[in-house]
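Peer 1: Dropping the structure in here first, questions after.
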Amino acid sequence: MTKAELYQKACMLPLLPGVYIIRDKSDTIIYIGKAKRLRIRVSQYFREGVPHDNKVSQMIAHAYAFDVIVCQSEFEALVLEASQIKAHTPKYNILLKDDKGYSYIRVTREDWPRLSFTLQKEEDGAEYIGPYTSSFAARQMAETAMDAFLLPRCSKRFPQEIGKGRPCLNAHIGKCMAVCSGKISCETYNQAVKNAVHLIRYGKKDILKTLNERMQEASDRLEFETAALLRDQINAITKLTAGQKVVVDPDVEMDVVALAGTPDSVCAAVLRFREGRLTDKREFLFHDTSDIDAVREEFLPRYYLDDEQIPKIIAVDALPPDVDALQQALNQKRGSEVQLYVPQRGDKAHLVEMAHTNAVERLARESGRYAREEKLLDELAQVLGLSKPPRAIESYDISNWGDGSSVCGMVTFKDGKPFKAGYRKFKMKTVAGTDDYASLAETVSRRAAEYEKYAAQAENGQSSGNWFGQKPDLLLMDGGRGQVSAAKEALAGTALADVPLYGMVKDDHHRTRAIVDSDGREIAINMNRGTFTFITAIQDETHRFANAYRKQQMKQKSYSSTLTEVPGVGPKTAKALLAQFKSVGAVKEAAPDQLENTPGVGKQLAQTIYEYFHREA
C-alpha cells in the first residue's frame with residue numbers, strides 16, 4: 001500500500017485505545033506501538049507534512065501495511081504492547097541493550113598473580129570470579145579490593161622488574177605496596193591477593209577478623225614490617241567501606257531515571273539504589289532519534305515490564321503521557337504500590353539531576369568517540385585509496401598446530417569498533433596439512449558462499465540478521481603478497497570479488513609494518529599514526545581470536561584422544577561423550593546408567609567405559 005492509502009485506512013480507525021502493528025513488504029513486523037486514540041496516533045505517521053525524526057522516517061518509508069488490536073483501556077493496550085514487542089522484537093522499536101554483558105574479576109595464575117576487572121572470560125588459565133550482571137558493581141569490587149590490599153595496577157612484570165627503577169606515584173601516596181621495590185616477599189604478596197579475593201567473595205566481616213589475628217601474631221613474632229602492612233590493610237578496608245556513604249534512607253528501594261538527547265541520539269540513565277547506597281548504574285543509547293519524550297514513553301514500560309525487578313520508588317525527570325496506565329501495570333507486576341513521580345526538591349531531586357548528568361556525559365563521550373572513529377575511518381580510506389570510509393571491516397588469520405591441522409579466525413570491526421556478533425571461526429574441511437594459502441582460500445570462499453546464500457534469501461523476502469548476510473567494505477588478511485593473492489584468486493567470480501582486499505605485513509619483531517594491496521604493492525602506514533594504530537589493533541585482535549580458537553580445538557582434541565583409548569570408543573562416540581558431560585573428568589565420575597544416556601553408548605559400552613576408568617584409578 002502507498003503512504004496515501006495507509007493514511008486513508010488510518011483515518012477509518014476508531015477513537016479507542018489499542019495496539020497498532022506495522023509491517024513491511026515481506027510481511028515482517030517492523031514496529032509495534034500503543035495509542036490512547038488509534039485514529040489520531042496512526043494517521044500522524046502517514047499524513048503529509050508531519051515532521052518525524054530519522055528513525056520514524058525510516059520506519060514510515062518501509063511501512064507497507066498495518067493492523068490494529070482494539071483494547072478496553074489504555075492499561076490493557078500498554079500491557080499488550082509490551083508483550084508483543086517482547087515476542088517479535090521489531091526493528092524500529094527501541095532495543096534495551098546497554099554495553100554491559102557479563103563482567104568478571106580476573107586473577108592470573110602465576111607466582112606473582114595480578115587482579116583486574118574484565119568484560120570477557122578467556123581460555124588463558126586465569127581464575128575468573130563471576131559472572132556479574134552489573135559491570136558497575138564488579139568494577140567497584142575490584143577497585144575496592146586492590147585499594148584495600150595495596151595491590152599494583154601498573155604494567156610491570158614480576159619478578160623480572162623487581163628492583164629496577166623507582167616505585168611509582170601510587171606507592172608514594174600509599175595506594176600500592178611497592179612490590180617493585182624488592183621489600184615485599186612473594187609469600188606476603190600472595191597472601192594479600194588471597195585476602196583480596198576473600199574480600200570480593202565474602203565481604204569485609206570475616207577478613208577483618210583474620211587480618212587482626214595475623215597482625216597480632218606478626219607483632220608477637222616481632223615481625224613489625226608485616227604487622228604494619230596488615231595494619232594498613234585493615235585501615236584501608238575500614239576506610240573504604242565507611243566511605244560508601246548512605247545517600248538515601250537505608251530502607252528505601254529506589255531507581256532514578258533521567259534522559260538526555262542530542263540532535264541524533266538519546267540516552268537513558270538509570271541509577272539503582274538499594275539499602276541506601278548506589279549499587280548500579282545503567283545507560284541505554286538510542287541512535288537516529290532526538291525525541292526524548294517518545295523514547296521515555298517507550299523506554300519506561302519496556303524496561304520495567306520485561307524482566308526487570310521493580311523497586312518501591314521510581315523517581316523520573318518527567319512523567320510519560322500514559323502515566324496512569326503505566327502506574328497500574330507497575331503496581332500489578334510488583335504486587336504492591338509503586339511510587340512513580342517527579343521529585344520537586346530535596347535529595348531525590350538532586351539524584352534525578354545526577355542521573356541526567358550521567359546521561360549527558362555519556363552522550364558527550366559517545367559523540368567524541370564517534371568523531372574520532374569517523375576521522376579514523378576517513379584517514380584509512382585516504383591511505384588505501386578507497387572511495388568511502390570502510391564501516392564494515394573483516395580480518396582473517398590462519399592458526400596452525402603441530403599435527404598439520406589449521407583453523408581460521410575472522411574478526412569484524414563495525415564503525416571502527418570490534419563487533420563481536422560478526423566474529424566467526426572456521427575449521428578447515430578440504431585442506432590437508434599446513435598450508436596457509438590454501439586454508440585462507442578455503443575460508444574466504446566459504447565466506448563468499450555464505451553471503452550469496454543470505455543475499456538470495458533477502459531477495460526472496462527472507463531477511464536475516466546473520467552477519468554473513470552483510471557485505472563487508474574491506475577485507476584484511478594477516479600476511480603479505482602470498483595471502484592476498486590466494487584470497488583474491490579464491491574470491492574471483494564471487495559476490496565479494498569487488499570488495500577491496502589488503503594484507504597486513506609484520507616486521508621481524510612481529511609488529512605491523514605495512515599494508516599490501518591486491519596487486520602486491522606495499523603501502524607504508526607508519527607515517528599515519530591513526531591508521532597504523534588502528535591496523536595494528538585489528539591485526540592483534542585477529543591473531544588473538546584465531547589462536548584462542550586453535551587452543552580450544554587442541555584442548556578438545558586432547559580430551560577426545562584420551563577417551564578414544566577406551567576399547568570400543570571411537571572419535572564420534574568420544575565427541576558425543578564430551579558434548580554430554582563437558583569434560584573427561586565428568587565422564588570418569590559418571591555411573592554406567594548415566595553413560596547410557598549418551599547417544600551411541602549402549603549398556604555394554606557404558607559398563608566398559610566405567611570399568612576402564614575405575615580400573616585405572
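Each chain of the C-alpha cells is named A, B, ... in the order shown, its residues numbered from 1; ligands are numbered from 1 in display order.
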Please tabulate, as a tab-separated table, the residues of region 530-599 of chain A that come within 10 Å of region 496-508 of chain A, each with its closest pair of atoms and the distance in Å to one decimal, counting only C-alpha atoms and ordering rows by chain, then residue number upward.
Peer 2:
residue	atom	partner	partner_atom	distance
A:Ile535	CA	A:Met504	CA	7.8
A:Thr536	CA	A:Met504	CA	8.6
A:Ile538	CA	A:Met504	CA	9.5
A:Gln539	CA	A:Met504	CA	7.2
Peer 1: Write out as a PyMOL selection string all residues of region 50-94 of chain A that DSSP puts in alpha helix (DSSP H) for this structure's backbone.
Peer 2: chain A and resi 54-62+74-88
Peer 1: Using only C-alpha atoms, find each residue in region 519-587 of chain A having at least one atom no more than 6 Å away from region 404-420 of chain A; report its shortest atom-to-atom pair and that distance in Å (one decimal), rows by chain then rising number, as JSON lines.
Peer 2:
{"residue": "A:Thr542", "atom": "CA", "partner": "A:Val411", "partner_atom": "CA", "distance": 5.7}
{"residue": "A:Phe545", "atom": "CA", "partner": "A:Gly409", "partner_atom": "CA", "distance": 5.9}
{"residue": "A:Ala546", "atom": "CA", "partner": "A:Gly409", "partner_atom": "CA", "distance": 4.1}
Peer 1: Using N, CA and C atoms, can you export the residues from the last selection as a short mmCIF file (atom, residue, chain, number, x, y, z; two decimals), in the first residue's frame?
Peer 2:
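So result_25.cif came out as:
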data_model
loop_
_atom_site.label_atom_id
_atom_site.label_comp_id
_atom_site.auth_asym_id
_atom_site.auth_seq_id
_atom_site.Cartn_x
_atom_site.Cartn_y
_atom_site.Cartn_z
N THR A 542 42.74 -10.08 15.65
CA THR A 542 42.53 -11.25 14.78
C THR A 542 43.46 -12.39 15.20
N PHE A 545 42.19 -13.91 18.50
CA PHE A 545 40.97 -14.70 18.32
C PHE A 545 41.28 -16.03 17.64
N ALA A 546 42.12 -16.01 16.60
CA ALA A 546 42.47 -17.25 15.90
C ALA A 546 43.24 -18.19 16.81
#
Peer 1: Would you pick out the contacts of Lys603 (chain A) at 10 Å or less, using only C-alpha atoms, so that residues sharing its chain but fewer than 6 positions from it are not included, and give the list as a PyMOL selection string?
Peer 2: chain A and resi 592-597
Peer 1: From the set A:Leu271, A:Val342, A:Ile398, A:Leu377, which residue has the shortest atom-to-atom contact distance to Thr533 (chain A), counting only C-alpha atoms?
Peer 2: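 Counting only C-alpha atoms, the residue closest to Thr533 (chain A) is A:Leu377.
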Peer 1: Tell me which protein, DNA and RNA residues are within 6 Å of region 456-465 of chain A, counting only C-alpha atoms, leaving out same-chain ones fewer than 2 positions away, and put them as a PyMOL selection string.
Peer 2: chain A and resi 26+453-454
Peer 1: For Val42 (chain A), which of A:Asp67, A:Gln344, A:Gly602, A:Asp27 is the closest residue, counting only C-alpha atoms?
Peer 2: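 The closest residue to Val42 (chain A) is A:Asp67.
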Peer 1: With only C-alpha atoms as the atoms that count, which of A:Asn526, A:Asn54, A:Thr598, A:Gln382 lies nearest to Arg511 (chain A)?
Peer 2: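 Nearest candidate to Arg511 (chain A) out of A:Asn526, A:Asn54, A:Thr598, A:Gln382: A:Asn526.
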Peer 1: What is the CA of Leu230 (chain A)-CA of Gln140 (chain A) distance in Å, reported with one decimal?
Peer 2: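 Pair CA of Leu230 (chain A) / CA of Gln140 (chain A) returns 22.0 Å.
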Peer 1: May I ask which of the residues A:Glu122, A:Glu366, A:Asp53, A:Glu74 is the closest one to Pro321 (chain A), counting only C-alpha atoms?
Peer 2: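 Under the stated criterion, the closest residue is A:Glu74.
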Peer 1: Could you tell me how far CA of Asp232 (chain A) sits from CA of Tyr189 (chain A), in Å to one decimal place?
Peer 2: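 Distance reported for this atom pair: 14.0 Å.
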Peer 1: Determine, counting only C-alpha atoms, which protein, DNA and RNA residues have an atom within 7 Å of an atom of region 571-582 of chain A; residues of the same chain fewer than 4 positions away are not included. Present the result as a ChimeraX atom specification.
Peer 2: /A:560,563-564,586-587,598-600
Peer 1: Which value, in Å to one decimal, gives the distance between CA of Ile69 (chain A) and CA of Gly18 (chain A)?
Peer 2: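 Interatomic distance, CA of Ile69 (chain A) to CA of Gly18 (chain A): 5.5 Å.
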Peer 1: Go through A:Tyr128, A:Asp255, A:Gln327, A:Lys375 and flag the residue nearest Lys348 (chain A), using only C-alpha atoms for the distances.
Peer 2: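 Among A:Tyr128, A:Asp255, A:Gln327, A:Lys375, it is A:Asp255 that comes nearest to Lys348 (chain A).
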Peer 1: Find the spatial neighbours of Val360 (chain A), counting only C-alpha atoms, within a cut-off of 8 Å - ignore same-chain residues fewer than 5 positions away - and output them as a short mmCIF file (atom, residue, chain, number, x, y, z; two decimals) with N, CA and C atoms, in the first residue's frame.
Peer 2:
data_model
loop_
_atom_site.label_atom_id
_atom_site.label_comp_id
_atom_site.auth_asym_id
_atom_site.auth_seq_id
_atom_site.Cartn_x
_atom_site.Cartn_y
_atom_site.Cartn_z
N ALA A 260 18.54 12.32 28.36
CA ALA A 260 19.13 13.50 27.72
C ALA A 260 19.28 13.18 26.24
N GLY A 261 19.37 14.24 25.41
CA GLY A 261 19.43 13.99 23.97
C GLY A 261 20.32 14.96 23.23
N CYS A 267 19.94 9.29 25.34
CA CYS A 267 20.49 8.37 26.33
C CYS A 267 19.57 8.35 27.55
#
Peer 1: Of the residues A:Asp293, A:Glu379, A:Asp478, A:Asp540, which is the one nearest to Ile525 (chain A), using only C-alpha atoms?
Peer 2: A:Glu379
Peer 1: Show me, as a ChimeraX atom specification, the residues that have an atom within 8 Å of Arg166 (chain A) when counting only C-alpha atoms, minus same-chain residues fewer than 3 positions from it.
Peer 2: /A:163,180-181
Peer 1: Please return as a PDB file with C-alpha atoms, in the first residue's frame: the residues of region 96-146 of chain A that backbone DSSP assigns to strand (DSSP E or B).
Peer 2:
ATOM      1  CA  SER A 103      31.626  -8.914  33.818  1.00  0.00           C
ATOM      2  CA  TYR A 104      34.343 -10.746  35.704  1.00  0.00           C
ATOM      3  CA  ILE A 105      37.166 -10.163  38.141  1.00  0.00           C
ATOM      4  CA  ARG A 106      40.278 -11.876  36.783  1.00  0.00           C
ATOM      5  CA  VAL A 107      43.083 -13.323  38.935  1.00  0.00           C
ATOM      6  CA  LEU A 115      43.914  -8.915  39.891  1.00  0.00           C
ATOM      7  CA  SER A 116      41.861  -6.913  37.403  1.00  0.00           C
ATOM      8  CA  PHE A 117      38.349  -6.187  36.110  1.00  0.00           C
ATOM      9  CA  THR A 118      37.437  -7.602  32.690  1.00  0.00           C
ATOM     10  CA  GLU A 127      40.759 -17.645  37.730  1.00  0.00           C
ATOM     11  CA  TYR A 128      37.588 -15.705  36.922  1.00  0.00           C
ATOM     12  CA  ILE A 129      35.268 -14.579  39.710  1.00  0.00           C
ATOM     13  CA  GLY A 130      31.763 -14.029  38.372  1.00  0.00           C
ATOM     14  CA  PRO A 131      29.939 -13.569  36.129  1.00  0.00           C
ATOM     15  CA  TYR A 132      28.389 -10.349  37.391  1.00  0.00           C
TER      16      TYR A 132
END
